[in-house]
Amino acid sequence: MSAHVLEEQETPVLWLHNVSADLAGRRVLDDVTFAVQPGEFTALIGTNGAGKTTLLRVILGLQPTSSGIVELAGERRGRRSVGYVPQKVLLDPDMPLRARDVVALGMDGHRLGIPLSPRAGRLRRDRVEAALASVDAIDFADARVGTLSGGEQQRVLIAHALIGEPELLLLDEPLANLDLRSQHEVVALLARVAEERRVAVVMSAHDMNPLLPVMHRIVYLAGGRAVSGTTDEVVRSEVLSALYGHHVDVLRVHGRILVVAGGEDEPVRPDGEEPGSVESGIVSVP
């Protein structure tokens with residue numbers, strides 16, 4: 001079951017038009033165009049090397065573009081508009097920071113010192129508490145963050161990103177290394193945040209299947225090129241075959257989608273993987 005389609009009349013929170021980017025003389029993003037609306041859950045899908053992390057870095061302003069336009073609605077309104085959860089955050093079990101301390105750093109970690117007034121201190125505590133509650137993390141708010149499970153750490157990092165009240169939340173592979181139950185919990189949490197807070201969520205992943213019940217839009221990347229739309233519009237054999245540059249089959253089995261690419265004349269995979277390797281939800285066969 002796919003998520004409902006949002007109204008398209010709103011001003012996009014994020015708009016990319018014909019965006020290209022190069023790394024070490026190699027084109028890693030090629031003419032990427034899509035828009036994200038307020039409250040929309042967008043899945044950024046592709047295998048390793050497809051350009052997902054580079055695309056997120058472009059949106060964050062950390063990677064220069066070779067051409068094209070990247071526009072954020074929050075920048076036009078003069079506010080910090082983006083929250084970000086990176087792919088890999090190593091949290092030492094002995095690090096003397098509680099979960100609530102990490103969340104608070106999302107609000108004032110850019111400056112030194114403590115609140116100058118009791119009122120400022122109360123406001124800070126209230127915002128931290130609200131952010132923790134929004135991701136169901138109150139029960140472990142005072143635990144050392146390095147001792148938490150992978151799913152609990154992801155909740156803390158999401159709260160850290162949300163405390164600045166962004167209009168756009170970017171997440172780079174937040175489901176990696178999580179068990180199936182934790183994956184479903186994190187996905188449901190992000191869908192709730194998108195709906196209740198009207199935050200546009202853009203989340204990269206290898207496998208689209210855990211996201212099928214909640215995502216409004218998919219941006220499918222292969223070899224730096226992208227196609228976007230609803231699942232039914234994008235995840236079709238003819239569309240993905242054109243994107244990959246060779247025949248691709250799309251199989252729907254027991255509510256899951258498998259993308260199968262291969263054949264005798266199969267070219268080198270755009271992500272550099274050997275034919276016959278398997279990604280979750282994206283399968284290559286000789």
# chains A, B, ... in the order shown; residues from 1 in each chain; ligands from 1

$ select_by_dssp --residues "stretch 116-243 of chain A" --states "strand (DSSP E)" --output "list in words"
Leu168, Leu169, Leu170, Leu171, Asp172, Ala200, Val201, Val202, Met203, Ser204, Ala205, Arg217, Ile218, Val219, Tyr220, Leu221, Ala222, Arg225, Ala226, Val227, Ser228 and Gly229 of chain A

$ write_last_selection --atoms "N, CA, C and O atoms" --output "mmCIF file, in the first residue's frame"
data_model
loop_
_atom_site.group_PDB
_atom_site.id
_atom_site.type_symbol
_atom_site.label_atom_id
_atom_site.label_comp_id
_atom_site.auth_asym_id
_atom_site.auth_seq_id
_atom_site.Cartn_x
_atom_site.Cartn_y
_atom_site.Cartn_z
ATOM 1 N N LEU A 168 12.971 20.994 6.591
ATOM 2 C CA LEU A 168 13.438 19.868 5.804
ATOM 3 C C LEU A 168 14.351 19.008 6.674
ATOM 4 O O LEU A 168 15.275 19.527 7.304
ATOM 5 N N LEU A 169 14.091 17.706 6.722
ATOM 6 C CA LEU A 169 14.916 16.768 7.478
ATOM 7 C C LEU A 169 15.553 15.782 6.513
ATOM 8 O O LEU A 169 14.855 15.056 5.798
ATOM 9 N N LEU A 170 16.901 15.763 6.477
ATOM 10 C CA LEU A 170 17.656 14.860 5.615
ATOM 11 C C LEU A 170 18.260 13.745 6.465
ATOM 12 O O LEU A 170 18.853 14.020 7.511
ATOM 13 N N LEU A 171 18.138 12.513 6.002
ATOM 14 C CA LEU A 171 18.694 11.371 6.733
ATOM 15 C C LEU A 171 19.442 10.478 5.757
ATOM 16 O O LEU A 171 18.880 10.051 4.736
ATOM 17 N N ASP A 172 20.706 10.190 6.072
ATOM 18 C CA ASP A 172 21.551 9.384 5.199
ATOM 19 C C ASP A 172 21.627 7.964 5.750
ATOM 20 O O ASP A 172 22.303 7.708 6.741
ATOM 21 N N ALA A 200 9.278 18.219 5.761
ATOM 22 C CA ALA A 200 9.584 17.408 4.588
ATOM 23 C C ALA A 200 10.753 16.495 4.926
ATOM 24 O O ALA A 200 11.811 16.956 5.343
ATOM 25 N N VAL A 201 10.556 15.186 4.783
ATOM 26 C CA VAL A 201 11.578 14.192 5.108
ATOM 27 C C VAL A 201 12.154 13.626 3.816
ATOM 28 O O VAL A 201 11.403 13.151 2.958
ATOM 29 N N VAL A 202 13.483 13.693 3.686
ATOM 30 C CA VAL A 202 14.183 13.058 2.568
ATOM 31 C C VAL A 202 15.156 12.056 3.166
ATOM 32 O O VAL A 202 16.080 12.431 3.884
ATOM 33 N N MET A 203 14.949 10.786 2.867
ATOM 34 C CA MET A 203 15.702 9.715 3.513
ATOM 35 C C MET A 203 16.310 8.812 2.458
ATOM 36 O O MET A 203 15.616 8.290 1.585
ATOM 37 N N SER A 204 17.639 8.612 2.537
ATOM 38 C CA SER A 204 18.293 7.711 1.590
ATOM 39 C C SER A 204 18.279 6.290 2.134
ATOM 40 O O SER A 204 18.328 6.068 3.347
ATOM 41 N N ALA A 205 18.218 5.325 1.218
ATOM 42 C CA ALA A 205 18.179 3.912 1.605
ATOM 43 C C ALA A 205 18.532 3.056 0.400
ATOM 44 O O ALA A 205 18.387 3.484 -0.755
ATOM 45 N N ARG A 217 6.859 10.083 -2.345
ATOM 46 C CA ARG A 217 7.652 10.252 -3.563
ATOM 47 C C ARG A 217 8.916 9.420 -3.449
ATOM 48 O O ARG A 217 9.468 9.240 -2.362
ATOM 49 N N ILE A 218 9.378 8.916 -4.588
ATOM 50 C CA ILE A 218 10.655 8.228 -4.649
ATOM 51 C C ILE A 218 11.551 8.955 -5.645
ATOM 52 O O ILE A 218 11.094 9.389 -6.707
ATOM 53 N N VAL A 219 12.807 9.152 -5.258
ATOM 54 C CA VAL A 219 13.830 9.652 -6.165
ATOM 55 C C VAL A 219 14.804 8.493 -6.350
ATOM 56 O O VAL A 219 15.514 8.117 -5.421
ATOM 57 N N TYR A 220 14.797 7.901 -7.523
ATOM 58 C CA TYR A 220 15.592 6.711 -7.794
ATOM 59 C C TYR A 220 16.861 7.124 -8.538
ATOM 60 O O TYR A 220 16.790 7.722 -9.604
ATOM 61 N N LEU A 221 18.034 6.809 -7.951
ATOM 62 C CA LEU A 221 19.327 7.195 -8.513
ATOM 63 C C LEU A 221 20.061 5.981 -9.054
ATOM 64 O O LEU A 221 20.103 4.928 -8.424
ATOM 65 N N ALA A 222 20.665 6.150 -10.220
ATOM 66 C CA ALA A 222 21.535 5.122 -10.800
ATOM 67 C C ALA A 222 22.583 5.826 -11.650
ATOM 68 O O ALA A 222 22.236 6.588 -12.565
ATOM 69 N N ARG A 225 22.285 9.650 -12.319
ATOM 70 C CA ARG A 225 21.058 10.163 -12.918
ATOM 71 C C ARG A 225 19.878 9.781 -12.040
ATOM 72 O O ARG A 225 19.938 8.824 -11.286
ATOM 73 N N ALA A 226 18.788 10.540 -12.153
ATOM 74 C CA ALA A 226 17.657 10.317 -11.257
ATOM 75 C C ALA A 226 16.340 10.426 -11.999
ATOM 76 O O ALA A 226 16.215 11.155 -12.995
ATOM 77 N N VAL A 227 15.362 9.694 -11.493
ATOM 78 C CA VAL A 227 13.983 9.848 -11.928
ATOM 79 C C VAL A 227 13.133 9.905 -10.668
ATOM 80 O O VAL A 227 13.418 9.221 -9.689
ATOM 81 N N SER A 228 12.120 10.764 -10.651
ATOM 82 C CA SER A 228 11.317 10.931 -9.440
ATOM 83 C C SER A 228 9.834 10.921 -9.767
ATOM 84 O O SER A 228 9.408 11.198 -10.892
ATOM 85 N N GLY A 229 9.056 10.594 -8.746
ATOM 86 C CA GLY A 229 7.608 10.552 -8.876
ATOM 87 C C GLY A 229 7.050 9.627 -7.819
ATOM 88 O O GLY A 229 7.728 9.289 -6.850
#

$ residues_around --residues "A:Arg100" --least-positions-apart "2" --cutoff "9 Å" --atoms "only C-alpha atoms" --output "number ranges by chain"
A: 97-98, 102-105, 128-129, 132, 138, 140-143, 145, 156, 160

$ write_last_selection --atoms "N, CA and C atoms" --output "PDB file, in the first residue's frame"
ATOM      1  N   LEU A  97      27.995  11.624  27.941  1.00  0.00           N
ATOM      2  CA  LEU A  97      26.877  12.445  27.488  1.00  0.00           C
ATOM      3  C   LEU A  97      25.598  11.621  27.551  1.00  0.00           C
ATOM      4  N   ARG A  98      24.581  12.193  28.152  1.00  0.00           N
ATOM      5  CA  ARG A  98      23.281  11.552  28.165  1.00  0.00           C
ATOM      6  C   ARG A  98      22.570  11.826  26.841  1.00  0.00           C
ATOM      7  N   VAL A 102      22.899  15.209  24.087  1.00  0.00           N
ATOM      8  CA  VAL A 102      23.118  15.184  22.634  1.00  0.00           C
ATOM      9  C   VAL A 102      22.008  15.958  21.926  1.00  0.00           C
ATOM     10  N   VAL A 103      20.777  15.781  22.365  1.00  0.00           N
ATOM     11  CA  VAL A 103      19.663  16.521  21.765  1.00  0.00           C
ATOM     12  C   VAL A 103      19.856  18.018  21.964  1.00  0.00           C
ATOM     13  N   ALA A 104      20.270  18.439  23.156  1.00  0.00           N
ATOM     14  CA  ALA A 104      20.464  19.864  23.443  1.00  0.00           C
ATOM     15  C   ALA A 104      21.532  20.486  22.553  1.00  0.00           C
ATOM     16  N   LEU A 105      22.531  19.701  22.162  1.00  0.00           N
ATOM     17  CA  LEU A 105      23.582  20.227  21.289  1.00  0.00           C
ATOM     18  C   LEU A 105      23.027  20.662  19.936  1.00  0.00           C
ATOM     19  N   VAL A 128      14.172  20.658  24.841  1.00  0.00           N
ATOM     20  CA  VAL A 128      14.823  19.344  24.826  1.00  0.00           C
ATOM     21  C   VAL A 128      13.813  18.261  25.172  1.00  0.00           C
ATOM     22  N   GLU A 129      13.002  18.514  26.202  1.00  0.00           N
ATOM     23  CA  GLU A 129      12.005  17.535  26.620  1.00  0.00           C
ATOM     24  C   GLU A 129      10.989  17.287  25.509  1.00  0.00           C
ATOM     25  N   LEU A 132      12.617  15.150  22.755  1.00  0.00           N
ATOM     26  CA  LEU A 132      12.715  13.758  23.179  1.00  0.00           C
ATOM     27  C   LEU A 132      11.350  13.072  23.121  1.00  0.00           C
ATOM     28  N   ILE A 138      11.817   9.591  25.887  1.00  0.00           N
ATOM     29  CA  ILE A 138      11.826  10.058  27.273  1.00  0.00           C
ATOM     30  C   ILE A 138      12.370   8.989  28.217  1.00  0.00           C
ATOM     31  N   PHE A 140      14.663   6.840  27.992  1.00  0.00           N
ATOM     32  CA  PHE A 140      16.114   6.678  28.071  1.00  0.00           C
ATOM     33  C   PHE A 140      16.847   8.015  27.917  1.00  0.00           C
ATOM     34  N   ALA A 141      16.161   9.095  28.259  1.00  0.00           N
ATOM     35  CA  ALA A 141      16.734  10.435  28.114  1.00  0.00           C
ATOM     36  C   ALA A 141      17.977  10.642  28.967  1.00  0.00           C
ATOM     37  N   ASP A 142      18.057   9.969  30.121  1.00  0.00           N
ATOM     38  CA  ASP A 142      19.186  10.174  31.033  1.00  0.00           C
ATOM     39  C   ASP A 142      20.232   9.068  30.945  1.00  0.00           C
ATOM     40  N   ALA A 143      20.079   8.172  29.975  1.00  0.00           N
ATOM     41  CA  ALA A 143      21.074   7.119  29.769  1.00  0.00           C
ATOM     42  C   ALA A 143      22.235   7.656  28.938  1.00  0.00           C
ATOM     43  N   VAL A 145      24.439   7.979  25.975  1.00  0.00           N
ATOM     44  CA  VAL A 145      23.991   7.742  24.610  1.00  0.00           C
ATOM     45  C   VAL A 145      24.759   6.599  23.960  1.00  0.00           C
ATOM     46  N   VAL A 156      17.532   9.447  19.130  1.00  0.00           N
ATOM     47  CA  VAL A 156      18.216  10.595  19.729  1.00  0.00           C
ATOM     48  C   VAL A 156      18.765  11.518  18.638  1.00  0.00           C
ATOM     49  N   HIS A 160      17.835  15.368  17.887  1.00  0.00           N
ATOM     50  CA  HIS A 160      18.900  16.364  17.748  1.00  0.00           C
ATOM     51  C   HIS A 160      18.681  17.205  16.492  1.00  0.00           C
TER      52      HIS A 160
END

$ closest_residue --among "A:Val28, A:Val259, A:Ala191, A:Val199" --to "A:Val239" --atoms "only C-alpha atoms"
A:Val259

$ select_by_dssp --residues "stretch 35-193 of chain A" --states "alpha helix (DSSP H)" --output "VMD selection string"
chain A and resid 52 to 60 73 to 76 99 to 108 118 to 134 150 to 162 180 to 193

$ closest_residue --among "A:Leu211, A:Ala188, A:Leu90, A:Ile69" --to "A:Leu44" --atoms "only C-alpha atoms"
A:Leu211

$ closest_residue --among "A:Met215, A:Ala99, A:Leu60, A:Ala261" --to "A:Ile158" --atoms "only C-alpha atoms"
A:Ala99

$ closest_residue --among "A:Arg197, A:Trp15, A:Arg236, A:His184" --to "A:Val248" --atoms "only C-alpha atoms"
A:Arg236
